[in-house]
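File shown: model.txt (compact mmCIF, C-alpha atoms).
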```
# COMPACT_ATOMS: atom_id res chain seq x y z
CA MET A 1 -12.89 -4.67 -7.13
CA SER A 2 -11.68 -6.73 -4.21
CA VAL A 3 -14.30 -8.14 -1.87
CA ALA A 4 -13.91 -8.58 1.87
CA PHE A 5 -12.70 -11.86 3.28
CA THR A 6 -15.42 -14.03 4.75
CA SER A 7 -15.55 -13.36 8.47
CA PRO A 8 -14.60 -16.31 10.66
CA ALA A 9 -16.57 -14.91 13.60
CA GLY A 10 -19.15 -17.25 15.02
CA GLN A 11 -18.00 -20.25 13.03
CA THR A 12 -17.26 -23.72 14.37
CA TRP A 13 -13.94 -25.35 13.69
CA GLN A 14 -15.72 -27.78 11.41
CA ALA A 15 -16.94 -24.89 9.34
CA LEU A 16 -13.53 -23.22 9.22
CA LEU A 17 -11.30 -26.21 8.68
CA ALA A 18 -13.08 -29.27 7.37
CA GLY A 19 -12.93 -29.57 3.62
CA ASN A 20 -12.83 -26.84 1.03
CA THR A 21 -14.17 -24.05 3.14
CA PRO A 22 -14.34 -20.47 1.91
CA TRP A 23 -11.99 -19.44 4.71
CA LEU A 24 -9.25 -21.81 3.64
CA ASN A 25 -9.80 -21.20 -0.04
CA GLU A 26 -9.66 -17.43 0.39
CA LEU A 27 -6.44 -17.59 2.37
CA THR A 28 -4.84 -19.90 -0.18
CA LEU A 29 -5.82 -17.60 -3.01
CA ALA A 30 -4.73 -14.47 -1.15
CA TYR A 31 -1.35 -16.05 -0.47
CA SER A 32 -0.91 -17.13 -4.08
CA GLU A 33 -1.97 -13.79 -5.52
CA ARG A 34 0.31 -11.77 -3.32
CA ARG A 35 3.22 -14.07 -3.97
CA GLN A 36 2.80 -13.46 -7.67
CA ALA A 37 2.48 -9.72 -7.12
CA ILE A 38 6.10 -9.67 -5.99
CA SER A 39 7.28 -12.07 -8.71
CA GLN A 40 7.18 -15.25 -6.65
CA SER A 41 5.63 -18.50 -7.84
CA ALA A 42 1.95 -19.30 -7.61
CA TYR A 43 0.97 -21.42 -4.64
CA THR A 44 -1.19 -24.50 -4.93
CA PRO A 45 -1.49 -26.71 -1.85
CA ALA A 46 -1.03 -30.40 -2.35
CA ALA A 47 -4.13 -32.54 -2.29
CA GLY A 48 -5.04 -33.63 1.18
CA LYS A 49 -3.21 -30.75 2.82
CA ASP A 50 -3.02 -31.22 6.55
CA VAL A 51 -4.33 -27.98 7.93
CA GLN A 52 -3.99 -29.22 11.47
CA ALA A 53 -0.22 -29.07 11.24
CA ALA A 54 1.25 -25.97 12.82
CA SER A 55 3.65 -25.79 9.88
CA TYR A 56 0.77 -25.11 7.51
CA TRP A 57 -0.09 -21.96 9.41
CA THR A 58 3.42 -20.83 10.22
CA ALA A 59 4.23 -21.00 6.51
CA LEU A 60 1.56 -18.37 5.87
CA GLN A 61 2.43 -16.32 8.94
CA ASN A 62 6.14 -16.41 8.26
CA TRP A 63 5.65 -15.43 4.64
CA LEU A 64 3.64 -12.41 5.70
CA GLU A 65 6.15 -11.26 8.29
CA THR A 66 9.04 -11.79 5.91
CA ASN A 67 7.55 -10.41 2.72
CA CYS A 68 5.42 -7.54 3.98
CA THR A 69 8.49 -5.36 3.49
CA SER A 70 8.27 -5.98 -0.25
CA PHE A 71 4.97 -4.11 -0.39
CA ILE A 72 4.44 -0.38 -0.42
CA ASP A 73 2.99 1.42 2.59
CA HIS A 74 -0.26 2.56 1.02
CA VAL A 75 -1.19 4.58 4.09
CA ASN A 76 1.92 6.73 4.46
CA GLY A 77 3.36 6.27 0.96
CA PRO A 78 3.87 5.63 -1.80
CA LEU A 79 6.91 7.88 -1.37
CA ASN A 80 9.02 8.65 1.66
CA PRO A 81 8.64 12.10 3.24
CA ALA A 82 11.61 13.45 1.28
CA GLY A 83 10.13 12.23 -1.97
CA THR A 84 13.32 10.47 -2.92
CA ALA A 85 12.25 6.80 -2.85
CA PHE A 86 9.32 4.46 -2.45
CA LEU A 87 8.14 3.86 1.09
CA TYR A 88 7.95 0.15 1.86
CA PHE A 89 6.26 -1.41 4.85
CA THR A 90 8.35 -2.28 7.84
CA LEU A 91 7.18 -5.16 9.99
CA ALA A 92 5.86 -2.63 12.50
CA THR A 93 4.03 -0.41 9.99
CA TRP A 94 2.51 -3.43 8.28
CA ARG A 95 1.19 -4.74 11.60
CA ALA A 96 -0.21 -1.32 12.42
CA THR A 97 -1.90 -0.97 9.04
CA ALA A 98 -3.29 -4.49 9.22
CA GLY A 99 -4.65 -3.93 12.71
CA LEU A 100 -2.58 -6.69 14.24
CA ASN A 101 -1.15 -6.61 17.72
CA THR A 102 2.24 -4.90 17.82
CA SER A 103 3.76 -8.21 18.92
CA GLY A 104 2.37 -10.20 16.04
CA PHE A 105 -0.21 -12.87 15.45
CA ARG A 106 -2.45 -13.95 18.29
CA ARG A 107 -2.03 -17.44 19.61
CA SER A 108 -3.79 -19.33 22.38
CA ALA A 109 -4.01 -22.82 23.76
CA ASP A 110 -6.47 -21.92 26.42
CA TRP A 111 -9.70 -20.64 24.99
CA ASP A 112 -12.95 -20.66 26.89
CA PRO A 113 -15.59 -19.11 24.62
CA ALA A 114 -17.79 -18.54 27.63
CA ALA A 115 -15.19 -16.19 29.10
CA ASP A 116 -13.35 -14.78 26.06
CA ASP A 117 -14.64 -13.53 22.74
CA TRP A 118 -11.09 -13.41 21.21
CA THR A 119 -11.84 -10.16 19.39
CA ASP A 120 -9.76 -7.70 21.39
CA ILE A 121 -6.35 -7.03 19.93
CA VAL A 122 -4.88 -3.78 21.24
CA THR A 123 -5.75 -4.74 24.80
CA PRO A 124 -5.83 -8.44 24.17
CA ASP A 125 -8.34 -10.86 25.54
CA PRO A 126 -6.93 -12.78 28.54
CA MET A 127 -6.70 -15.91 26.42
CA PHE A 128 -3.81 -14.29 24.55
CA THR A 129 -1.90 -13.25 27.62
CA VAL A 130 -2.45 -16.05 30.09
CA ALA A 131 0.81 -17.61 31.18
CA GLY A 132 1.49 -20.89 29.48
CA GLY A 133 -1.56 -20.71 27.28
CA GLY A 134 -1.48 -17.55 25.21
CA GLY A 135 0.77 -15.11 23.50
CA PHE A 136 1.77 -13.58 20.21
CA GLY A 137 3.82 -14.85 17.35
CA GLN A 138 3.63 -17.69 14.94
CA MET A 139 1.61 -20.81 15.70
CA GLN A 140 3.05 -23.52 17.90
CA ALA A 141 2.05 -27.14 18.28
CA GLY A 142 -0.76 -27.37 20.78
CA ASP A 143 -2.25 -23.99 19.90
CA THR A 144 -5.94 -23.84 19.21
CA ILE A 145 -6.73 -23.17 15.54
CA GLY A 146 -9.45 -20.72 16.34
CA PRO A 147 -11.12 -17.97 14.33
CA TRP A 148 -8.49 -15.42 15.42
CA ILE A 149 -5.95 -17.34 13.36
CA PHE A 150 -8.04 -16.76 10.27
CA GLU A 151 -8.82 -13.18 11.13
CA ASP A 152 -5.19 -12.20 11.67
CA LEU A 153 -4.14 -13.80 8.39
CA GLN A 154 -6.98 -12.07 6.59
CA LYS A 155 -5.89 -8.74 8.05
CA GLY A 156 -2.29 -9.43 7.16
CA PHE A 157 -2.99 -10.27 3.55
CA GLY A 158 -5.59 -7.54 3.26
CA ALA A 159 -3.02 -4.87 4.15
CA LEU A 160 -0.81 -5.82 1.21
CA LYS A 161 -2.25 -3.81 -1.65
CA TRP A 162 0.56 -2.12 -3.57
CA SER A 163 3.85 -3.36 -4.90
CA ILE A 164 6.48 -2.35 -7.44
CA GLU A 165 6.77 -3.96 -10.84
CA THR A 166 9.89 -3.78 -12.92
CA PRO A 167 9.64 -3.84 -16.70
CA ALA A 168 10.00 -7.05 -18.65
CA VAL A 169 11.40 -5.12 -21.61
CA THR A 170 13.22 -1.80 -21.73
CA GLU A 171 13.92 -0.24 -25.13
CA TRP A 172 16.41 2.56 -25.34
CA LYS A 173 17.69 4.85 -28.09
CA ASN A 174 19.76 7.98 -28.25
CA LYS A 175 21.19 10.63 -30.51
CA ASN A 176 24.00 12.95 -29.73
CA SER A 177 25.55 15.82 -31.61
CA LEU A 178 28.81 17.36 -30.44
CA VAL A 179 30.47 20.05 -32.55
CA GLU A 180 33.69 21.77 -31.45
CA GLY A 181 35.51 24.84 -32.72
CA GLU A 182 36.65 28.36 -31.98
CA SER A 183 33.34 30.05 -32.75
CA CYS A 184 30.30 29.89 -30.57
CA ALA A 185 27.96 30.56 -33.47
CA ILE A 186 29.52 27.95 -35.74
CA THR A 187 29.48 25.19 -33.14
CA LYS A 188 25.91 26.07 -32.21
CA SER A 189 24.57 25.98 -35.75
CA GLY A 190 26.68 22.95 -36.50
CA SER A 191 25.31 20.94 -33.58
CA GLU A 192 21.72 21.97 -34.12
CA GLY A 193 21.93 21.20 -37.82
CA GLU A 194 23.60 17.88 -37.30
CA PHE A 195 21.21 16.87 -34.53
CA GLU A 196 18.20 17.44 -36.74
CA GLY A 197 19.50 14.95 -39.27
CA LEU A 198 20.56 12.25 -36.86
CA SER A 199 18.86 8.87 -36.65
CA TRP A 200 18.17 7.21 -33.35
CA ASN A 201 20.86 4.80 -32.25
CA ASP A 202 20.37 1.66 -30.26
CA GLY A 203 22.56 1.20 -27.25
CA THR A 204 22.64 1.25 -23.54
CA HIS A 205 21.79 4.29 -21.55
CA TYR A 206 25.39 4.85 -20.54
CA ASP A 207 26.69 5.39 -24.05
CA GLY A 208 27.97 8.65 -25.54
CA HIS A 209 26.48 10.80 -22.93
CA HIS A 210 26.99 14.48 -22.25
CA ASN A 211 30.44 14.91 -23.69
CA ALA A 212 30.65 18.58 -24.53
CA GLY A 213 34.40 18.93 -24.31
CA SER A 214 36.96 17.08 -22.26
CA ASP A 215 36.06 19.02 -19.16
CA MET A 216 32.59 17.57 -19.28
CA HIS A 217 33.56 13.95 -19.34
CA GLY A 218 33.57 13.81 -15.59
CA ASP A 219 29.91 14.72 -15.67
CA THR A 220 28.89 11.64 -17.53
CA TYR A 221 26.40 9.58 -15.64
CA GLY A 222 23.72 7.43 -16.99
CA ALA A 223 20.06 8.08 -17.45
CA GLU A 224 17.35 6.32 -19.39
CA TYR A 225 15.63 9.47 -20.52
CA CYS A 226 17.60 12.62 -21.22
CA CYS A 227 16.98 15.88 -23.01
CA GLU A 228 19.71 18.45 -22.63
CA ALA A 229 22.07 20.92 -24.15
CA ALA A 230 25.61 21.41 -22.87
CA ILE A 231 28.17 24.05 -23.80
CA ASN A 232 31.82 24.25 -22.91
CA SER A 233 34.01 27.30 -23.55
CA ARG A 234 36.96 26.62 -21.32
CA ASN A 235 39.44 25.93 -24.08
CA TYR A 236 37.31 26.30 -27.15
CA TRP A 237 33.66 26.02 -27.95
CA SER A 238 31.91 22.71 -27.66
CA TRP A 239 28.22 22.57 -28.39
CA ASN A 240 26.34 19.42 -27.45
CA ASN A 241 22.74 18.42 -27.99
CA PHE A 242 21.75 15.12 -26.50
CA ARG A 243 18.61 13.08 -26.26
CA SER A 244 17.80 9.61 -25.14
CA LYS A 245 14.39 8.04 -25.04
CA VAL A 246 13.07 4.93 -23.36
CA ARG A 247 10.01 2.70 -23.48
CA TYR A 248 9.02 0.20 -20.80
CA THR A 249 6.83 -2.86 -21.17
CA PHE A 250 5.44 -4.57 -18.09
CA SER A 251 4.25 -8.15 -18.50
CA ALA A 252 0.71 -9.46 -18.07
CA LYS A 253 -0.28 -10.50 -14.55
CA LEU A 254 -2.73 -12.83 -12.83
CA ASN A 255 -4.64 -10.00 -11.21
CA ALA A 256 -5.67 -6.68 -12.63
CA ARG A 257 -3.77 -3.71 -11.34
CA GLN A 258 -3.45 -0.02 -12.02
CA CYS A 259 0.11 0.62 -13.08
CA ASN A 260 1.48 4.00 -12.04
CA ILE A 261 4.82 4.83 -13.60
CA TYR A 262 7.24 6.60 -11.27
CA VAL A 263 10.54 8.06 -12.37
CA GLY A 264 13.39 9.69 -10.55
CA LYS A 265 14.58 12.85 -12.24
CA LEU A 266 18.07 14.22 -12.06
CA CYS A 267 19.82 17.45 -12.85
CA PRO A 268 21.64 17.45 -16.19
CA ARG A 269 25.05 17.35 -14.58
CA LEU A 270 26.78 16.32 -11.43
CA GLY A 271 27.18 19.08 -8.89
CA GLY A 272 23.55 19.98 -8.92
CA CYS A 273 21.21 22.33 -10.68
CA VAL A 274 23.00 25.53 -9.64
CA GLY A 275 23.62 28.93 -11.10
CA VAL A 276 22.92 29.26 -14.78
CA THR A 277 23.27 25.52 -15.16
CA GLY A 278 19.95 24.13 -14.27
CA TYR A 279 16.98 21.92 -14.44
CA ASN A 280 14.86 22.54 -17.44
CA ASP A 281 11.95 20.31 -18.36
CA ILE A 282 12.37 20.89 -22.07
CA ASP A 283 9.80 18.30 -23.15
CA GLY A 284 7.30 19.32 -20.48
CA LEU A 285 6.95 15.77 -19.15
CA PHE A 286 7.46 16.31 -15.48
CA GLY A 287 5.99 18.07 -12.51
CA THR A 288 6.98 21.30 -10.87
CA GLU A 289 10.57 21.65 -9.85
CA VAL A 290 11.02 21.67 -6.10
CA PRO A 291 13.53 24.03 -4.43
CA ALA A 292 15.63 21.22 -2.98
CA PHE A 293 16.03 19.75 -6.40
CA ASN A 294 17.72 22.90 -7.62
CA THR A 295 20.44 22.89 -4.99
CA ASP A 296 21.77 19.39 -4.93
CA ILE A 297 21.87 16.21 -6.92
CA SER A 298 19.25 14.35 -4.95
CA THR A 299 16.89 12.38 -7.05
CA VAL A 300 13.30 13.54 -6.99
CA VAL A 301 10.80 10.74 -7.57
CA GLU A 302 7.51 11.64 -9.13
CA LEU A 303 4.54 10.15 -10.91
CA LEU A 304 4.96 10.20 -14.66
CA GLU A 305 1.71 8.56 -15.74
CA SER A 306 -1.13 6.33 -14.54
CA LYS A 307 -2.33 3.52 -16.76
CA PRO A 308 -5.87 2.12 -16.79
CA GLU A 309 -6.44 -0.98 -14.69
CA THR A 310 -5.63 -4.18 -16.56
CA SER A 311 -4.22 -7.64 -16.06
CA GLY A 312 -2.62 -7.44 -19.48
CA SER A 313 0.75 -6.07 -20.40
CA VAL A 314 1.35 -2.36 -19.89
CA VAL A 315 3.44 -0.18 -22.18
CA SER A 316 4.75 3.13 -20.93
CA ASP A 317 5.97 5.23 -23.86
CA ARG A 318 5.73 8.71 -22.44
CA LEU A 319 9.52 8.99 -22.40
CA TRP A 320 9.64 7.61 -25.92
CA ILE A 321 9.54 11.12 -27.30
CA ASP A 322 11.37 13.60 -29.48
CA THR A 323 10.06 17.13 -29.45
CA GLY A 324 13.04 18.77 -31.14
CA ILE A 325 16.55 20.14 -30.75
CA PRO A 326 17.27 20.89 -27.09
CA SER A 327 19.36 24.05 -27.53
CA SER A 328 16.84 25.43 -30.04
CA MET A 329 13.94 24.73 -27.73
CA LEU A 330 15.85 26.51 -24.97
CA SER A 331 16.43 29.52 -27.28
CA LEU A 332 20.13 29.59 -26.46
CA VAL A 333 21.97 32.27 -28.45
CA CYS A 334 25.49 33.43 -29.22
CA PRO A 335 27.36 35.37 -28.05
CA THR A 336 26.81 33.83 -24.75
CA PRO A 337 24.74 35.69 -22.16
CA TRP A 338 26.44 33.61 -19.53
CA PRO A 339 29.39 34.61 -17.34
CA PRO A 340 32.73 34.76 -19.17
CA GLU A 341 35.40 32.14 -18.90
CA GLY A 342 36.81 31.84 -15.39
CA VAL A 343 34.06 33.76 -13.66
CA MET A 344 32.14 30.67 -12.72
CA PRO A 345 34.03 28.44 -10.31
CA TRP A 346 33.92 25.43 -12.57
CA GLY A 347 34.93 27.36 -15.68
CA GLY A 348 32.92 28.00 -18.77
CA ARG A 349 30.67 24.99 -18.75
CA TRP A 350 26.92 25.09 -18.76
CA SER A 351 24.16 22.59 -19.22
CA TRP A 352 20.38 22.60 -19.16
CA GLY A 353 17.84 19.87 -19.28
CA VAL A 354 16.67 16.93 -17.28
CA ARG A 355 17.44 13.27 -16.91
CA ALA A 356 15.19 10.55 -15.60
CA ASN A 357 15.33 6.91 -14.65
CA LEU A 358 12.50 4.52 -14.01
CA TYR A 359 11.74 3.78 -10.38
CA GLY A 360 9.07 1.27 -11.25
CA CYS A 361 5.41 0.72 -11.80
CA LEU A 362 3.53 1.19 -8.57
CA SER A 363 0.89 -1.50 -8.97
CA LYS A 364 -2.34 -0.99 -7.09
CA TRP A 365 -3.67 -4.53 -7.10
CA ASN A 366 -7.20 -5.68 -7.51
CA PHE A 367 -6.84 -8.86 -5.52
CA THR A 368 -9.79 -11.22 -5.18
CA ASN A 369 -10.07 -10.61 -1.44
CA ALA A 370 -8.68 -7.77 0.60
CA MET B 371 -17.37 -51.63 34.52
CA PRO B 372 -14.94 -54.00 32.83
CA VAL B 373 -12.07 -52.37 31.00
CA ARG B 374 -13.10 -53.64 27.59
CA ALA B 375 -16.64 -52.41 28.10
CA LYS B 376 -15.32 -48.97 29.20
CA VAL B 377 -13.16 -48.64 26.11
CA PHE B 378 -16.05 -49.62 23.92
CA PHE B 379 -18.35 -47.16 25.64
CA THR B 380 -15.85 -44.28 25.30
CA ALA B 381 -15.33 -45.03 21.65
CA LEU B 382 -19.05 -45.14 21.11
CA LEU B 383 -19.46 -41.75 22.75
CA ARG B 384 -16.71 -40.24 20.64
CA MET B 385 -18.18 -41.70 17.51
CA ALA B 386 -21.56 -40.28 18.36
CA ARG B 387 -20.10 -36.82 18.98
CA ALA B 388 -18.04 -36.96 15.85
CA TRP B 389 -20.96 -37.91 13.69
CA GLU B 390 -23.00 -35.20 15.33
CA TYR B 391 -20.54 -32.48 14.40
CA LEU B 392 -18.67 -33.79 11.39
CA SER B 393 -21.30 -34.88 9.01
CA VAL B 394 -21.91 -31.45 7.58
CA TYR B 395 -18.92 -31.30 5.24
CA ASN B 396 -17.68 -33.22 2.32
CA GLY B 397 -16.18 -36.21 4.00
CA HIS B 398 -16.51 -39.07 6.39
CA VAL B 399 -14.92 -40.25 9.62
CA ASP B 400 -12.46 -43.09 9.76
CA TRP B 401 -11.80 -44.83 13.05
CA SER B 402 -8.52 -46.26 14.13
CA ASN B 403 -7.88 -47.46 17.67
CA GLY B 404 -10.85 -45.49 18.85
CA ILE B 405 -9.55 -42.19 17.39
CA PRO B 406 -11.71 -40.45 14.84
CA THR B 407 -10.07 -39.05 11.73
CA ILE B 408 -11.85 -36.77 9.31
CA VAL B 409 -11.24 -37.68 5.70
CA VAL B 410 -12.39 -35.24 3.10
CA ASP B 411 -13.82 -36.92 0.05
CA SER B 412 -11.70 -36.40 -3.01
CA ALA B 413 -14.54 -35.43 -5.30
CA ALA B 414 -15.82 -32.61 -3.18
CA GLY B 415 -14.54 -29.64 -5.15
CA GLY B 416 -11.51 -27.42 -4.73
CA VAL B 417 -10.06 -23.96 -4.50
CA PRO B 418 -9.93 -21.94 -7.68
CA ASP B 419 -6.57 -22.80 -9.15
CA THR B 420 -5.19 -24.13 -12.37
CA THR B 421 -4.59 -27.70 -11.36
CA GLY B 422 -8.00 -28.80 -10.19
CA ALA B 423 -9.43 -29.84 -6.88
CA ILE B 424 -7.47 -29.14 -3.75
CA LYS B 425 -8.37 -30.66 -0.45
CA TYR B 426 -7.70 -29.80 3.12
CA GLN B 427 -7.82 -32.31 5.89
CA VAL B 428 -7.99 -32.24 9.63
CA TYR B 429 -6.59 -35.51 10.77
CA GLN B 430 -7.49 -35.90 14.37
CA ILE B 431 -9.93 -34.45 16.82
CA THR B 432 -8.39 -32.98 19.91
CA ASP B 433 -8.33 -35.20 22.92
CA ASP B 434 -11.41 -34.25 24.87
CA THR B 435 -9.58 -34.11 28.13
CA THR B 436 -7.33 -31.26 26.99
CA THR B 437 -10.04 -29.18 25.43
CA PRO B 438 -11.47 -26.37 27.50
CA PRO B 439 -15.21 -26.32 27.95
CA THR B 440 -16.89 -24.88 24.92
CA ALA B 441 -20.30 -23.94 23.74
CA GLY B 442 -21.01 -27.36 22.39
CA PHE B 443 -18.01 -28.33 20.29
CA ASP B 444 -14.34 -29.02 20.64
CA TRP B 445 -11.65 -27.01 18.91
CA VAL B 446 -8.79 -28.35 16.92
CA ARG B 447 -5.28 -27.97 18.22
CA ALA B 448 -2.28 -27.77 15.97
CA HIS B 449 0.06 -30.70 15.90
CA ALA B 450 3.76 -30.47 15.26
```
What do you get writing this file as structure tokens?
Amino acid sequence: MSVAFTSPAGQTWQALLAGNTPWLNELTLAYSERRQAISQSAYTPAAGKDVQAASYWTALQNWLETNCTSFIDHVNGPLNPAGTAFLYFTLATWRATAGLNTSGFRRSADWDPAADDWTDIVTPDPMFTVAGGGGFGQMQAGDTIGPWIFEDLQKGFGALKWSIETPAVTEWKNKNSLVEGESCAITKSGSEGEFEGLSWNDGTHYDGHHNAGSDMHGDTYGAEYCCEAAINSRNYWSWNNFRSKVRYTFSAKLNARQCNIYVGKLCPRLGGCVGVTGYNDIDGLFGTEVPAFNTDISTVVELLESKPETSGSVVSDRLWIDTGIPSSMLSLVCPTPWPPEGVMPWGGRWSWGVRANLYGCLSKWNFTNA
Amino acid sequence: MPVRAKVFFTALLRMARAWEYLSVYNGHVDWSNGIPTIVVDSAAGGVPDTTGAIKYQVYQITDDTTTPPTAGFDWVRAHA
């Protein structure tokens, strides 16, 4: 569990800056850990680092203001209000969460400890507003390297807690049975029988997907996980059972984190989950369908699974699954109970199931200091 | 007093102040042209990283005349 940064309050500059102080060491480590959390290199300062140079501090401040938007807003997130994507920090929301002034880091060249205690941020101490001596933003030559510099950096790093990991390895397999003919019953039994005997194929997740008849080709769009049945009776019967499965491996990290796997789920065909063609969580992997999801093709992002905290590699195999033949599990029967040819505006095409793509591992980091 | 004596006296005062406030950490003070520079000893430990000891240095104490009155110590100003 992360521990609090060491408070710089009440310290002399010798204590804060001279040598290998806990304040400098903690900031260095916090910077390095968070860099690695978003797949940047580790940071190790060169021996004899000049911490009196403004550039030393602006490097940290600039990194925070530039890269805070690569971290997830853990206060208002992790998803946006529509539930369609992750919610990342903006510069403004990161400052608010960190407790920084809305204009940025405090800076002052005119500090009188007898008159100012430097601790007020929202209504800043006069030392931060005095003309020619104070202000907000990144450090400038001539600024005092006071405890507020440390405190603002600590707050800035401390607010960065969650980020998104992408998998180091993605394994994907599929199997697909399409049988066509003039009889609904024959194509149904043919597809279900064939599907049961199929082996898993390697490939990419855009291969051989959802091709129940020529009319359906326009519906092909990729997904990493898919479990669906599709039937076409416009010209003749086409019966399609399709499955793809996927497994993700996330690499080991410096810090422990709890990896939460989020996926975006999609309707089984373009045009949305409408009418008798609809979302159906055949494998029972996902959460409750939301009304909006059934009326358009918007992606709904949801938590698939939470892994125990570890710094080691993480394998997510929940979508690495095969529970059976989709159309059998849906209890689809012939003759069709669905509207006859031409009644539905798109013709006699129907599909059921669900598709899903990885949105990432939401990593809740156990940084050394926060 | 004579110029040379004044320079010597100022330097002596600065040295005294520096030793008073700088002797608590892992280093020593070098003097060059009457300006104290803190040098952190290389064997004094380091941040937890994979490459070994890392040192931080503050090179020069702020000119006293530009430092606001404090509760007994000067503060370091950033240089360019």
Next on the checklist: Please determine, counting only C-alpha atoms, which residue among A:Gly146, A:Gly135, A:Gly83, A:Gly77 has the shortest atom-to-atom distance to chain B.
Outcome noted: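 The closest residue to chain B is A:Gly146.
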Item to check | Non-local contacts of range 178-195 of chain A (6 Å; all atoms listed in the file; under 2 positions in same chain excluded) as a ChimeraX atom specification | outcome: /A:197-198,236-240,334
How about saving the chosen residues, C-alpha atoms kept, as a compact mmCIF listing (two decimals), in the coordinates of the input?
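Result file is out_27.txt:
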```txt
# COMPACT_ATOMS: atom_id res chain seq x y z
CA GLY A 197 19.50 14.95 -39.27
CA LEU A 198 20.56 12.25 -36.86
CA TYR A 236 37.31 26.30 -27.15
CA TRP A 237 33.66 26.02 -27.95
CA SER A 238 31.91 22.71 -27.66
CA TRP A 239 28.22 22.57 -28.39
CA ASN A 240 26.34 19.42 -27.45
CA CYS A 334 25.49 33.43 -29.22
```
Checklist entry - Any idea what's packed within 6 Å of Ala168 in chain A, counting all atoms listed in the file, ignoring anything in its chain fewer than 5 positions away? Could you give it as a PyMOL selection string? => result chain A and resi 249-251
Residue list for chain A near chain B as a PDB file with C-alpha atoms, in the frame of the given file, 8 Å, only C-alpha atoms:
```
ATOM      1  CA  THR A  12     -17.260 -23.720  14.370  1.00  0.00           C
ATOM      2  CA  TRP A  13     -13.940 -25.350  13.690  1.00  0.00           C
ATOM      3  CA  GLN A  14     -15.720 -27.780  11.410  1.00  0.00           C
ATOM      4  CA  ALA A  15     -16.940 -24.890   9.340  1.00  0.00           C
ATOM      5  CA  LEU A  17     -11.300 -26.210   8.680  1.00  0.00           C
ATOM      6  CA  ALA A  18     -13.080 -29.270   7.370  1.00  0.00           C
ATOM      7  CA  GLY A  19     -12.930 -29.570   3.620  1.00  0.00           C
ATOM      8  CA  ASN A  20     -12.830 -26.840   1.030  1.00  0.00           C
ATOM      9  CA  ASN A  25      -9.800 -21.200  -0.040  1.00  0.00           C
ATOM     10  CA  THR A  28      -4.840 -19.900  -0.180  1.00  0.00           C
ATOM     11  CA  LEU A  29      -5.820 -17.600  -3.010  1.00  0.00           C
ATOM     12  CA  THR A  44      -1.190 -24.500  -4.930  1.00  0.00           C
ATOM     13  CA  PRO A  45      -1.490 -26.710  -1.850  1.00  0.00           C
ATOM     14  CA  ALA A  46      -1.030 -30.400  -2.350  1.00  0.00           C
ATOM     15  CA  ALA A  47      -4.130 -32.540  -2.290  1.00  0.00           C
ATOM     16  CA  GLY A  48      -5.040 -33.630   1.180  1.00  0.00           C
ATOM     17  CA  LYS A  49      -3.210 -30.750   2.820  1.00  0.00           C
ATOM     18  CA  ASP A  50      -3.020 -31.220   6.550  1.00  0.00           C
ATOM     19  CA  VAL A  51      -4.330 -27.980   7.930  1.00  0.00           C
ATOM     20  CA  GLN A  52      -3.990 -29.220  11.470  1.00  0.00           C
ATOM     21  CA  ALA A  53      -0.220 -29.070  11.240  1.00  0.00           C
ATOM     22  CA  ALA A  54       1.250 -25.970  12.820  1.00  0.00           C
ATOM     23  CA  SER A  55       3.650 -25.790   9.880  1.00  0.00           C
ATOM     24  CA  ALA A 109      -4.010 -22.820  23.760  1.00  0.00           C
ATOM     25  CA  ASP A 110      -6.470 -21.920  26.420  1.00  0.00           C
ATOM     26  CA  TRP A 111      -9.700 -20.640  24.990  1.00  0.00           C
ATOM     27  CA  ASP A 112     -12.950 -20.660  26.890  1.00  0.00           C
ATOM     28  CA  PRO A 113     -15.590 -19.110  24.620  1.00  0.00           C
ATOM     29  CA  ALA A 114     -17.790 -18.540  27.630  1.00  0.00           C
ATOM     30  CA  MET A 139       1.610 -20.810  15.700  1.00  0.00           C
ATOM     31  CA  GLN A 140       3.050 -23.520  17.900  1.00  0.00           C
ATOM     32  CA  ALA A 141       2.050 -27.140  18.280  1.00  0.00           C
ATOM     33  CA  GLY A 142      -0.760 -27.370  20.780  1.00  0.00           C
ATOM     34  CA  ASP A 143      -2.250 -23.990  19.900  1.00  0.00           C
ATOM     35  CA  THR A 144      -5.940 -23.840  19.210  1.00  0.00           C
ATOM     36  CA  ILE A 145      -6.730 -23.170  15.540  1.00  0.00           C
ATOM     37  CA  GLY A 146      -9.450 -20.720  16.340  1.00  0.00           C
TER      38      GLY A 146
END
```
Checklist entry - Can you tell me how far CA of Val300 in chain A sits from CA of Ala96 in chain A, in Å to one decimal? => result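 Here the two named atoms are 27.9 Å from each other.
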Next on the checklist: Distance cut-off 7 Å, centre (23.1, 11.5, -28.5) in file coordinates, counting all atoms listed in the file: which residues qualify? Return them as a VMD selection string.
Outcome noted: chain A and resid 174 to 177 208 to 209 241 to 244
Would you save the residues of that selection, restricted to C-alpha atoms, as a CSV table (one decimal), in the frame of the given file?
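Final output, saved to result_36.csv:
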```csv
chain,number,residue,atom,x,y,z
A,174,ASN,CA,19.8,8.0,-28.2
A,175,LYS,CA,21.2,10.6,-30.5
A,176,ASN,CA,24.0,13.0,-29.7
A,177,SER,CA,25.6,15.8,-31.6
A,208,GLY,CA,28.0,8.6,-25.5
A,209,HIS,CA,26.5,10.8,-22.9
A,241,ASN,CA,22.7,18.4,-28.0
A,242,PHE,CA,21.8,15.1,-26.5
A,243,ARG,CA,18.6,13.1,-26.3
A,244,SER,CA,17.8,9.6,-25.1
```
Next on the checklist: For Val169 in chain A, find every residue with an atom within 12 Å (counting all atoms listed in the file), except residues of its own chain fewer than 3 positions away, and show them as a list in words.
Outcome noted: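 My reading of the contact set: Glu165, Thr166, Trp172, Val246, Arg247, Tyr248, Thr249, Phe250, Ser251, Ser313, Val314, Val315, Ser316 and Asp317 of chain A.
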